[in-house]
Amino acid sequence: MAGKSKPRKSWQEKLADSKDLPKVVEINDKMSKRWGIGTVAIPAPKEVAEIMSKVPRGKLITINEIREILARRHCATIGCPITTGIFAWVAANAAEEAAAEGEKDTIPYWRTLKLSGVINEKYPGGVEAQKRLLEKEGHKVIQKGKNHKVVDFEKCLVT
């Protein structure tokens, strides 16, 4: 007979759980093939959410820009692409969860794009929901191949 499973953590709990982060680690041999040499800043989930929260209406940010901010903040060579992307996804889901509970001022995750201005299809509601939110803020979204991209996103970047 299977044991009782622990109740799943909510997205907001996952966002609040910093574990032992942030931390800066040396880029090891395996990582250096992809990322070069130096150090990598591994952010806490809340740090990524905090940067995403500061993007005002009409403006945008990319995951790579968030990574650059994190690298500068922690005096590291780079910001970790893997954890930054995962924590942006956690922040997006935590924001939707908070909104469903009636919170008005949540993280505007739809303003955080992938490389080249591409909408993150893994965020809540998928591409269509984000496209609506972005267009409501005055951005034009086009489909390019299987990706949806914000036109002239570079002109709207916060950094």
# chains A, B, ... in the order shown; residues from 1 in each chain; ligands from 1

call {"tool": "select_by_dssp", "arguments": {"residues": "range 3-63 of chain A", "states": "strand (DSSP E or B)", "output": "PyMOL selection string"}}
result
chain A and resi 23-26+39-42+60-62

call {"tool": "select_by_dssp", "arguments": {"residues": "range 2-148 of chain A", "states": "helix (DSSP H, G or I)", "output": "JSON, numbers by chain"}}
result
{"A": [11, 12, 13, 14, 15, 16, 29, 30, 31, 32, 33, 34, 35, 45, 46, 47, 48, 49, 50, 51, 52, 53, 63, 64, 65, 66, 67, 68, 69, 70, 71, 72, 73, 81, 82, 83, 84, 85, 86, 87, 88, 89, 90, 91, 92, 93, 94, 95, 96, 97, 98, 99, 100, 109, 110, 111, 115, 116, 117, 126, 127, 128, 129, 130, 131, 132, 133, 134, 135, 136]}

call {"tool": "closest_residue", "arguments": {"among": "A:Pro81, A:Trp89, A:Leu60, A:Thr106", "to": "Leu134 in chain A", "atoms": "only C-alpha atoms"}}
result
A:Leu60

call {"tool": "residues_around", "arguments": {"residues": "Lys146 in chain A", "least_positions_apart": "2", "cutoff": "12 Å", "atoms": "only C-alpha atoms", "output": "number ranges by chain"}}
result
A: 118-121, 127, 142-144, 148-149

call {"tool": "write_last_selection", "arguments": {"atoms": "N, CA and C atoms", "output": "short mmCIF file (atom, residue, chain, number, x, y, z; two decimals), in the first residue's frame"}}
result
data_model
loop_
_atom_site.label_atom_id
_atom_site.label_comp_id
_atom_site.auth_asym_id
_atom_site.auth_seq_id
_atom_site.Cartn_x
_atom_site.Cartn_y
_atom_site.Cartn_z
N VAL A 118 10.36 36.43 -28.59
CA VAL A 118 9.40 35.34 -28.72
C VAL A 118 8.60 35.18 -27.43
N ILE A 119 7.29 35.00 -27.57
CA ILE A 119 6.40 34.76 -26.44
C ILE A 119 6.68 33.36 -25.88
N ASN A 120 6.70 33.25 -24.56
CA ASN A 120 6.93 31.96 -23.91
C ASN A 120 5.63 31.16 -23.88
N GLU A 121 5.57 30.14 -24.71
CA GLU A 121 4.35 29.32 -24.82
C GLU A 121 4.05 28.51 -23.56
N VAL A 127 0.31 30.93 -25.63
CA VAL A 127 0.61 32.07 -26.51
C VAL A 127 -0.60 33.00 -26.65
N ILE A 142 3.22 38.95 -34.06
CA ILE A 142 3.08 38.22 -35.32
C ILE A 142 3.55 36.78 -35.13
N GLN A 143 3.07 35.92 -36.01
CA GLN A 143 3.53 34.53 -35.98
C GLN A 143 4.64 34.39 -37.00
N LYS A 144 5.76 33.81 -36.56
CA LYS A 144 6.89 33.55 -37.44
C LYS A 144 7.23 32.08 -37.29
N HIS A 148 5.53 32.91 -31.88
CA HIS A 148 4.85 34.21 -31.90
C HIS A 148 5.81 35.21 -31.32
N LYS A 149 5.96 36.32 -32.01
CA LYS A 149 7.00 37.28 -31.67
C LYS A 149 6.42 38.69 -31.59
#

call {"tool": "residues_around", "arguments": {"residues": "range 108-111 of chain A", "least_positions_apart": "6", "cutoff": "8 Å", "atoms": "only C-alpha atoms", "output": "PDB file with N, CA and C atoms, in the first residue's frame"}}
result
ATOM      1  N   MET A  52      11.017  40.822 -12.866  1.00  0.00           N
ATOM      2  CA  MET A  52       9.851  40.778 -13.755  1.00  0.00           C
ATOM      3  C   MET A  52       8.781  41.769 -13.308  1.00  0.00           C
ATOM      4  N   SER A  53       8.632  41.940 -12.002  1.00  0.00           N
ATOM      5  CA  SER A  53       7.601  42.823 -11.445  1.00  0.00           C
ATOM      6  C   SER A  53       7.844  44.290 -11.753  1.00  0.00           C
ATOM      7  N   VAL A  55       8.842  45.604 -14.547  1.00  0.00           N
ATOM      8  CA  VAL A  55       8.655  45.975 -15.958  1.00  0.00           C
ATOM      9  C   VAL A  55       7.312  46.686 -16.090  1.00  0.00           C
ATOM     10  N   LYS A  59       6.316  48.267 -21.608  1.00  0.00           N
ATOM     11  CA  LYS A  59       7.730  47.886 -21.709  1.00  0.00           C
ATOM     12  C   LYS A  59       7.867  46.369 -21.680  1.00  0.00           C
ATOM     13  N   LEU A  60       9.047  45.885 -22.063  1.00  0.00           N
ATOM     14  CA  LEU A  60       9.310  44.448 -22.126  1.00  0.00           C
ATOM     15  C   LEU A  60      10.704  44.144 -21.596  1.00  0.00           C
ATOM     16  N   ILE A  61      10.942  42.884 -21.287  1.00  0.00           N
ATOM     17  CA  ILE A  61      12.271  42.417 -20.897  1.00  0.00           C
ATOM     18  C   ILE A  61      12.418  40.995 -21.449  1.00  0.00           C
ATOM     19  N   ALA A  88      11.279  32.098 -13.901  1.00  0.00           N
ATOM     20  CA  ALA A  88      10.347  32.999 -14.597  1.00  0.00           C
ATOM     21  C   ALA A  88       9.016  32.270 -14.802  1.00  0.00           C
ATOM     22  N   ALA A  91       7.274  32.090 -11.490  1.00  0.00           N
ATOM     23  CA  ALA A  91       6.711  33.419 -11.192  1.00  0.00           C
ATOM     24  C   ALA A  91       5.418  33.651 -11.979  1.00  0.00           C
ATOM     25  N   ALA A  92       5.402  33.247 -13.244  1.00  0.00           N
ATOM     26  CA  ALA A  92       4.210  33.409 -14.082  1.00  0.00           C
ATOM     27  C   ALA A  92       3.036  32.626 -13.508  1.00  0.00           C
ATOM     28  N   ALA A  95       1.810  34.172 -10.277  1.00  0.00           N
ATOM     29  CA  ALA A  95       1.019  35.375 -10.555  1.00  0.00           C
ATOM     30  C   ALA A  95      -0.412  35.006 -10.930  1.00  0.00           C
ATOM     31  N   ILE A 119       7.292  34.996 -27.571  1.00  0.00           N
ATOM     32  CA  ILE A 119       6.403  34.761 -26.439  1.00  0.00           C
ATOM     33  C   ILE A 119       6.678  33.363 -25.884  1.00  0.00           C
ATOM     34  N   TYR A 123       4.049  29.785 -20.490  1.00  0.00           N
ATOM     35  CA  TYR A 123       3.409  30.614 -19.471  1.00  0.00           C
ATOM     36  C   TYR A 123       1.909  30.316 -19.433  1.00  0.00           C
ATOM     37  N   GLN A 130      -1.197  35.433 -23.662  1.00  0.00           N
ATOM     38  CA  GLN A 130      -0.167  36.470 -23.588  1.00  0.00           C
ATOM     39  C   GLN A 130      -0.283  37.446 -24.747  1.00  0.00           C
ATOM     40  N   LEU A 133      -2.849  39.959 -23.865  1.00  0.00           N
ATOM     41  CA  LEU A 133      -2.358  40.901 -22.854  1.00  0.00           C
ATOM     42  C   LEU A 133      -1.359  41.888 -23.458  1.00  0.00           C
ATOM     43  N   LEU A 134      -0.467  41.397 -24.297  1.00  0.00           N
ATOM     44  CA  LEU A 134       0.539  42.262 -24.927  1.00  0.00           C
ATOM     45  C   LEU A 134      -0.113  43.249 -25.898  1.00  0.00           C
TER      46      LEU A 134
END

call {"tool": "closest_residue", "arguments": {"among": "A:Pro124, A:Pro43, A:Gly138, A:Pro7", "to": "Lys19 in chain A", "atoms": "only C-alpha atoms"}}
result
A:Pro43

call {"tool": "closest_residue", "arguments": {"among": "A:Gly58, A:Thr83, A:His139, A:Asn147", "to": "Ser18 in chain A", "atoms": "only C-alpha atoms"}}
result
A:Thr83

call {"tool": "atom_distance", "arguments": {"atom1": "CA of Ala16 in chain A", "atom2": "CA of Lys46 in chain A"}}
result
6.3 Å

call {"tool": "closest_residue", "arguments": {"among": "A:Gly36, A:Pro56, A:Pro22, A:Gly117", "to": "Leu70 in chain A", "atoms": "only C-alpha atoms"}}
result
A:Pro22

call {"tool": "closest_residue", "arguments": {"among": "A:Val90, A:Ala99, A:Ala41, A:Leu21", "to": "Cys75 in chain A", "atoms": "only C-alpha atoms"}}
result
A:Ala41

call {"tool": "atom_distance", "arguments": {"atom1": "CA of Arg57 in chain A", "atom2": "CA of Gly79 in chain A"}}
result
25.0 Å

call {"tool": "residues_around", "arguments": {"residues": "His74 in chain A", "least_positions_apart": "6", "cutoff": "12 Å", "atoms": "only C-alpha atoms", "output": "number ranges by chain"}}
result
A: 21-25, 39-44, 47, 67-68, 80

call {"tool": "closest_residue", "arguments": {"among": "A:Val151, A:Leu113, A:Ile86, A:Ile51", "to": "Arg73 in chain A", "atoms": "only C-alpha atoms"}}
result
A:Ile51
